[in-house]
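In what follows, a structure is listed as structure tokens, so that the remarks can point back to it.
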Amino acid sequence: MKKIIFITVSLFFFLIQQSFAVVKIDITRGNLEPLPIAVSNFYLDNPAQFSPELKKLKLDEKISAVIKNNLTRSGLFNIIDPKSYIQSPKIAHLKPRFEDWALIKSQVMVSGKLLIDSKKRLRVEFRLWDVVAAKEIEGLALFATPESWRRIAHIISDKIYERLTGESGYFDTRIIYVAETGSKEQRVKRLAIMDQDGSNNKYLTLGNELVLTPRFNPTAQIITYMSYFKNLPRVYMLNIETGIQEVVGDFPGMTFAPRFSPDGSKIIMSFAKDGNSDIYSMDIKSRIVEQLTSHPSIDTSPSYSADGKFITFNSDRSGAQQIYVMKSDGSQVKRISFGEGLYGTPVWSPRGDLIAFTKIFKGKFYIGVMRSDGSGERLLTENFYQEAPSWSPNGRVLIFYRETAGGKGGAGASSALWSIDLTGYNEKKINTPTDASDPAWSGLLSK
């Protein structure tokens with residue numbers, strides 16, 4: 001399996017008076033007006049250094065195109081039509097005339113250049129300009145192989161996002177999901193991985209065995225998931241960089257929804273035995289298993305808080321499926337959801353402030369969020385069938401999957417991945433080569 005390409009990053013412009021920047025986006029409000037921003041094409045510095053093959057790739061256009069797409073999909077930025085740009089990419093990067101950019105209503109401008117260094121590496125320089133204040137506010141230089149140009153564009157997008165919102169970005173990330181093909185009666189499910197924008201899609205399993213609920217290790221490029229081997233459930237770990245797969249354990253009965261702890265040292269999951277399901281954790285190194293709940297009900301879908309001190313899960317111990325929170329040792333169990341309907345698949349935000357969930361009410365499925373004490377419940381989106389929310393690493397966006405209604409016997413039904421902003425706006429479909437379900441977001445690759 002192809003290894004991840006490592007990218008060298010260096011800051012070459014230091015911000016002396018960052019607090020004086022005029023342009024800033026307040027992302028705490030819903031339905032805000034997107035910030036007008038111009039993204040100039042990057043230009044080739046000393047084009048003679050670029051081979052004919054590299055020139056054919058048109059990286060100067062492609063890198064800026066990915067940046068534009070990332071910023072647009074966030075819902076926070078409005079890309080100004082490049083046809084209205086007055087300055088050439090080279091002049092814009094070296095010495096912009098801010099009045100020209102203000103004339104087309106741009107508040108911020110992005111520029112960049114590409115060159116090949118003495119080690120035959122691709123060097124990408126990027127600058128972020130505050131048009132209102134008429135000054136540069138961010139700069140970055142990256143070195144990598146030309147094949148990793150897309151990752152460079154994602155890293156630059158993150159820097160722009162972070163500089164203008166005050167929060168870390170989420171563009172240099174990947175999404176693991178279950179790729180589905182075939183009829184409902186003979187569904188083939190494979191693990192697949194892609195960049196957060198849907199590019200670079202790759203299949204990680206062959207589809208010989210059913211796979212479910214893949215989840216990322218927050219600290220490494222490792223996933224855990226459930227699969228069936230000879231009709232018996234097994235929990236696996238797969239190293240994406242090396243392709244090495246190992247069985248975490250063969251557990252009695254059915255195993256559900258394995259998920260890593262925040263530090264990556266444990267896996268938490270639920271086991272079903274004799275019609276009952278409880279939550280267990282397992283230390284990855286020692287393989288010691290600890291039972292955390294013991295109740296004559298169905299406890300499942302556990303998820304750790306960002307600091308690892310608490311666990312949220314859903315249970316029907318109150319008579320209907322609701323969300324609960326307990327300490328990570330299984331003590332002090334407390335119900336936090338009390339609205340009408342059934343609650344499930346809770347997952348704690350990486351920021352620690354919110355829990356996302358699926359809710360079923362009056363025949364419809366909702367994706368929502370609530371505070372960790374159960375207050376402030378907000379339903380973000382509703383549909384015929386949707387579930388399995390997963391957070392972006394900055395806690396700003398949720399990804400989930402949605403099924404469309406099919407005809408008789410389920411014929412014609414399909415499932416796809418969608419994302420939505422924490423405010424409930426900017427709902428977007430993420431294109432995949434096949435039907436898709438059970439998505440999970442990675443941490444930042446460049447962190």
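Residue names in the structure tokens use chain letters A, B, ... in the order shown, residue numbers from 1 in each chain, and ligand numbers from 1 in the order shown.
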Excluding same-chain residues fewer than 4 positions from Asn217 in chain A, what lies within 6 Å of it counting only C-alpha atoms, as an MDAnalysis selection string? chainID A and resid 222:223 260 264
Next, the residues of the selection above should be written as a PDB file, in the first residue's frame with C-alpha atoms.
```
ATOM      1  CA  ILE A 222      -4.958   3.539  11.987  1.00  0.00           C
ATOM      2  CA  ILE A 223      -8.603   2.538  11.808  1.00  0.00           C
ATOM      3  CA  PHE A 260     -10.769   4.587  19.853  1.00  0.00           C
ATOM      4  CA  GLY A 264      -5.549   5.997  20.899  1.00  0.00           C
TER       5      GLY A 264
END
```
Let's see if you can do this: from backbone DSSP, list all strand (DSSP E or B) residues in range 270-365 of chain A, as a VMD selection string. chain A and resid 270 to 273 276 to 283 289 to 291 298 to 304 310 to 315 322 to 327 334 to 335 342 to 348 354 to 361 364 to 365
List the neighbours of Glu403 in chain A out to 7 Å using only C-alpha atoms; skip same-chain residues closer than 2 positions along the sequence, and give me the result as a list in words.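 Residues meeting the cut-off are Tyr385, Gln386, Tyr401, Ala405, Ala413, Ser414, Ser415 and Ala416 of chain A.
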Emit the selected residues as a PDB file, in the first residue's frame, including N, CA and C atoms.
```pdb
ATOM      1  N   TYR A 385     -34.263   8.898   5.940  1.00  0.00           N
ATOM      2  CA  TYR A 385     -33.409   8.042   6.760  1.00  0.00           C
ATOM      3  C   TYR A 385     -31.999   8.609   6.703  1.00  0.00           C
ATOM      4  N   GLN A 386     -31.421   8.887   7.874  1.00  0.00           N
ATOM      5  CA  GLN A 386     -30.046   9.374   7.953  1.00  0.00           C
ATOM      6  C   GLN A 386     -29.521   9.104   9.357  1.00  0.00           C
ATOM      7  N   TYR A 401     -24.497   9.895   6.822  1.00  0.00           N
ATOM      8  CA  TYR A 401     -24.996   9.307   5.583  1.00  0.00           C
ATOM      9  C   TYR A 401     -26.511   9.320   5.560  1.00  0.00           C
ATOM     10  N   ALA A 405     -35.451   6.945  -0.331  1.00  0.00           N
ATOM     11  CA  ALA A 405     -36.473   5.901  -0.348  1.00  0.00           C
ATOM     12  C   ALA A 405     -36.446   5.164  -1.682  1.00  0.00           C
ATOM     13  N   ALA A 413     -33.298   2.191  -4.002  1.00  0.00           N
ATOM     14  CA  ALA A 413     -32.809   2.960  -2.861  1.00  0.00           C
ATOM     15  C   ALA A 413     -31.307   3.158  -2.976  1.00  0.00           C
ATOM     16  N   SER A 414     -30.806   4.279  -2.454  1.00  0.00           N
ATOM     17  CA  SER A 414     -29.381   4.561  -2.489  1.00  0.00           C
ATOM     18  C   SER A 414     -28.983   5.302  -1.227  1.00  0.00           C
ATOM     19  N   SER A 415     -27.689   5.276  -0.914  1.00  0.00           N
ATOM     20  CA  SER A 415     -27.184   5.987   0.255  1.00  0.00           C
ATOM     21  C   SER A 415     -25.989   6.827  -0.157  1.00  0.00           C
ATOM     22  N   ALA A 416     -25.835   7.976   0.463  1.00  0.00           N
ATOM     23  CA  ALA A 416     -24.765   8.903   0.112  1.00  0.00           C
ATOM     24  C   ALA A 416     -24.307   9.645   1.359  1.00  0.00           C
TER      25      ALA A 416
END
```
Closest to Leu54 in chain A among A:Thr145, A:Ser88, A:Gln321, A:Ser442, using only C-alpha atoms?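 Among the listed residues, the smallest separation from Leu54 in chain A belongs to A:Thr145.
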Name the residues in contact with Asp373 in chain A at a cut-off of 9 Å, using only C-alpha atoms, excluding same-chain residues fewer than 5 positions from it; report them as a VMD selection string. chain A and resid 325 335 to 337 354
Atoms to include: N, CA and C atoms. Write the selected residues as a PDB file, in the first residue's frame.
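What ended up in selection02.pdb:
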```pdb
ATOM      1  N   VAL A 325     -24.632   9.648  29.763  1.00  0.00           N
ATOM      2  CA  VAL A 325     -23.224   9.996  29.966  1.00  0.00           C
ATOM      3  C   VAL A 325     -22.772   9.341  31.260  1.00  0.00           C
ATOM      4  N   ARG A 335     -28.708  10.024  32.541  1.00  0.00           N
ATOM      5  CA  ARG A 335     -29.444  10.270  31.307  1.00  0.00           C
ATOM      6  C   ARG A 335     -29.428  11.753  30.994  1.00  0.00           C
ATOM      7  N   ILE A 336     -29.178  12.112  29.701  1.00  0.00           N
ATOM      8  CA  ILE A 336     -29.137  13.535  29.346  1.00  0.00           C
ATOM      9  C   ILE A 336     -30.167  13.928  28.288  1.00  0.00           C
ATOM     10  N   SER A 337     -30.761  12.990  27.566  1.00  0.00           N
ATOM     11  CA  SER A 337     -31.765  13.338  26.554  1.00  0.00           C
ATOM     12  C   SER A 337     -33.169  13.077  27.104  1.00  0.00           C
ATOM     13  N   LEU A 354     -20.073  19.658  22.747  1.00  0.00           N
ATOM     14  CA  LEU A 354     -21.332  19.166  22.213  1.00  0.00           C
ATOM     15  C   LEU A 354     -21.289  17.670  21.953  1.00  0.00           C
TER      16      LEU A 354
END
```
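As for CA of Ile37 in chain A and CA of Lys62 in chain A, they are spaced 17.6 Å apart.
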Skip Asp307 in chain A itself and residues of its chain fewer than 6 positions away, then list as a ChimeraX atom specification all residues within 9 Å of it, counting only C-alpha atoms. /A:262-263,350,352
Requested write-out: C-alpha atoms of the selected residues, as an mmCIF file, in the first residue's frame:
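To be explicit, this is the file written out as selection.cif:
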```cif
data_model
loop_
_atom_site.group_PDB
_atom_site.id
_atom_site.type_symbol
_atom_site.label_atom_id
_atom_site.label_comp_id
_atom_site.auth_asym_id
_atom_site.auth_seq_id
_atom_site.Cartn_x
_atom_site.Cartn_y
_atom_site.Cartn_z
ATOM 1 C CA PRO A 262 -8.815 10.150 22.419
ATOM 2 C CA ASP A 263 -5.220 9.079 23.126
ATOM 3 C CA PRO A 350 -13.470 17.015 19.569
ATOM 4 C CA GLY A 352 -15.706 18.706 24.120
#
```
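Proximity to Asn394 in chain A was assessed for A:Glu162, A:Ile244, A:Arg371, A:Asn431 counting only C-alpha atoms; the smallest distance is recorded for A:Glu162.
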Got a sec: who's within 10 Å of range 224-236 of chain A, counting only C-alpha atoms, leaving out chain neighbours fewer than 6 positions off, as an NGL selection string? :A and (189 or 191 or 208-217 or 245-260 or 267 or 269)
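Residues lying within 10 Å of Lys327 in chain A, counting only C-alpha atoms and ignoring same-chain neighbours fewer than 3 positions away, are Leu292, Tyr304, Ser305, Gly308, Lys309, Phe310, Ile311, Thr312, Gly330, Ser331, Gln332, Val333 and Lys334 of chain A.
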Please determine, counting only C-alpha atoms, which residue among A:Trp348, A:Phe361, A:Phe384, A:Tyr177 has the shortest atom-to-atom distance to Ala440 in chain A.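 Using only C-alpha atoms, the shortest distance to Ala440 in chain A belongs to A:Tyr177.
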